[in-house]
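Below: the structure, in structure tokens.
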Amino acid sequence: MTGHNVSMNDIELFTIPTCPFCRKAKELLEDNYLDYFEYDISHDEEKIREKLGKRFKIDGRVTVPQIVINGKHIGGYSELKDIIQKGKLNDYIKN
């Protein structure tokens, strides 16, 4: 687990080490003092991308990161950034 504070939130990040958007998503969460569980999918990337696509009902190629906050799939880095910029992060997290 990574981040600054132990929180009551269940945040999952599905990532690969070479992904710049994965790094940016982790930075955004850390900047907001949120811990997360990171799942590096690079060991079986294609199979796991396929499973994530089915889990989150994504048509087409599944990109990384894929982010889940308290059981709610929010999408990737752009969606996380948008939620934070619009001040809606508290709609997803438990304080």
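Following the order of the structure tokens, first chain is A, next is B, and so on, with residues numbered from 1 inside each chain and ligands from 1 in the order they appear.
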Exercise. Going by DSSP on the backbone, which bits of chain A are helix (DSSP H, G or I)? Write them as an MDAnalysis selection string, please.
Key: chainID A and resid 20:31 42:56 77:85 89:91
Quiz item: Any idea what's packed within 8 Å of Tyr92 of chain A, counting only C-alpha atoms, ignoring anything in its chain fewer than 5 positions away? Could you give it as a list of chain:residue names?
Solution: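 Using only C-alpha atoms, the neighbours found are A:Ile69, A:Asn70, A:Lys72.
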Self-check item: Within 9 Å of segment 40-52 of chain A using only C-alpha atoms, minus same-chain residues under 6 positions, as a VMD selection string
Solution: chain A and resid 13 to 17 58 61 to 64 66
Quiz item: Quick one: of A:Leu34, A:Cys19, A:Leu80, A:Ile93, who's nearest to Ile67 of chain A, counting only C-alpha atoms?
Solution: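 Smallest separation from Ile67 of chain A among the options: A:Leu80.
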Write out as a PDB file with N, CA and C atoms, in the first residue's frame the set of residues from chain A that DSSP, computed on the backbone, places in strand (DSSP E).
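And here's selection_39.pdb as it stands now:
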ATOM      1  N   ILE A  11      -9.122   1.935  -2.382  1.00  0.00           N
ATOM      2  CA  ILE A  11      -8.783   2.477  -3.692  1.00  0.00           C
ATOM      3  C   ILE A  11      -7.842   1.503  -4.380  1.00  0.00           C
ATOM      4  N   GLU A  12      -8.249   1.067  -5.565  1.00  0.00           N
ATOM      5  CA  GLU A  12      -7.461   0.116  -6.344  1.00  0.00           C
ATOM      6  C   GLU A  12      -6.984   0.783  -7.622  1.00  0.00           C
ATOM      7  N   LEU A  13      -5.709   0.594  -7.939  1.00  0.00           N
ATOM      8  CA  LEU A  13      -5.132   1.060  -9.193  1.00  0.00           C
ATOM      9  C   LEU A  13      -4.551  -0.132  -9.922  1.00  0.00           C
ATOM     10  N   PHE A  14      -4.968  -0.316 -11.153  1.00  0.00           N
ATOM     11  CA  PHE A  14      -4.415  -1.356 -12.006  1.00  0.00           C
ATOM     12  C   PHE A  14      -3.457  -0.651 -12.957  1.00  0.00           C
ATOM     13  N   THR A  15      -2.169  -1.005 -12.879  1.00  0.00           N
ATOM     14  CA  THR A  15      -1.132  -0.246 -13.557  1.00  0.00           C
ATOM     15  C   THR A  15      -0.116  -1.161 -14.250  1.00  0.00           C
ATOM     16  N   PHE A  37      -4.165   0.648  -3.185  1.00  0.00           N
ATOM     17  CA  PHE A  37      -3.557  -0.637  -3.492  1.00  0.00           C
ATOM     18  C   PHE A  37      -3.240  -0.623  -4.975  1.00  0.00           C
ATOM     19  N   GLU A  38      -1.999  -0.896  -5.302  1.00  0.00           N
ATOM     20  CA  GLU A  38      -1.591  -0.906  -6.699  1.00  0.00           C
ATOM     21  C   GLU A  38      -1.415  -2.343  -7.157  1.00  0.00           C
ATOM     22  N   TYR A  39      -2.018  -2.653  -8.282  1.00  0.00           N
ATOM     23  CA  TYR A  39      -1.897  -3.968  -8.887  1.00  0.00           C
ATOM     24  C   TYR A  39      -1.151  -3.821 -10.203  1.00  0.00           C
ATOM     25  N   ASP A  40       0.093  -4.273 -10.222  1.00  0.00           N
ATOM     26  CA  ASP A  40       0.910  -4.244 -11.431  1.00  0.00           C
ATOM     27  C   ASP A  40       0.454  -5.412 -12.302  1.00  0.00           C
ATOM     28  N   GLN A  66      -6.523   1.792 -14.495  1.00  0.00           N
ATOM     29  CA  GLN A  66      -7.949   1.663 -14.214  1.00  0.00           C
ATOM     30  C   GLN A  66      -8.064   1.874 -12.714  1.00  0.00           C
ATOM     31  N   ILE A  67      -8.997   2.728 -12.311  1.00  0.00           N
ATOM     32  CA  ILE A  67      -9.098   3.152 -10.907  1.00  0.00           C
ATOM     33  C   ILE A  67     -10.482   2.832 -10.366  1.00  0.00           C
ATOM     34  N   VAL A  68     -10.491   2.232  -9.181  1.00  0.00           N
ATOM     35  CA  VAL A  68     -11.726   1.895  -8.483  1.00  0.00           C
ATOM     36  C   VAL A  68     -11.642   2.518  -7.096  1.00  0.00           C
ATOM     37  N   ILE A  69     -12.653   3.293  -6.749  1.00  0.00           N
ATOM     38  CA  ILE A  69     -12.702   3.917  -5.418  1.00  0.00           C
ATOM     39  C   ILE A  69     -13.934   3.403  -4.699  1.00  0.00           C
ATOM     40  N   LYS A  72     -16.451   1.594  -6.737  1.00  0.00           N
ATOM     41  CA  LYS A  72     -17.000   2.288  -7.905  1.00  0.00           C
ATOM     42  C   LYS A  72     -15.884   2.543  -8.922  1.00  0.00           C
ATOM     43  N   HIS A  73     -16.047   1.976 -10.100  1.00  0.00           N
ATOM     44  CA  HIS A  73     -15.068   2.168 -11.164  1.00  0.00           C
ATOM     45  C   HIS A  73     -15.195   3.585 -11.692  1.00  0.00           C
ATOM     46  N   ILE A  74     -14.095   4.358 -11.620  1.00  0.00           N
ATOM     47  CA  ILE A  74     -14.170   5.734 -12.104  1.00  0.00           C
ATOM     48  C   ILE A  74     -13.504   5.929 -13.455  1.00  0.00           C
ATOM     49  N   GLY A  75     -12.705   4.959 -13.879  1.00  0.00           N
ATOM     50  CA  GLY A  75     -12.014   5.083 -15.159  1.00  0.00           C
ATOM     51  C   GLY A  75     -10.525   5.201 -14.954  1.00  0.00           C
TER      52      GLY A  75
END
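For the pair atom CA of Thr18 of chain A and atom CA of Gly76 of chain A, the separation is 15.3 Å.
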Quiz item: Of the residues A:Lys81, A:Lys54, A:Gly71, A:Asn90, which is the one nearest to Lys26 of chain A, using only C-alpha atoms?
Solution: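 Among the listed residues, A:Lys81 lies closest to Lys26 of chain A.
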Practice problem: Write out as a count of residues only each polymer residue whose atoms come within 8 Å of Lys24 of chain A, counting only C-alpha atoms; drop sequence neighbours fewer than 4 positions from it. | Solution: 3
Quiz item: Using only C-alpha atoms, which of the listed residues (A:Asp59, A:Asp82, A:Asp35, A:Asp91) sits closest to Asn9 of chain A?
Solution: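 Under the stated criterion, the closest residue is A:Asp35.
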Quiz item: At what distance in Å, to one decimal, does atom CA of Arg55 of chain A lie from atom CA of Lys88 of chain A?
Solution: 24.1 Å
Practice problem: May I ask for the distance between atom CA of Cys22 of chain A and atom CA of Ser78 of chain A, given in Å to one decimal place? | Solution: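 Computing it gives 10.5 Å between the two atoms.
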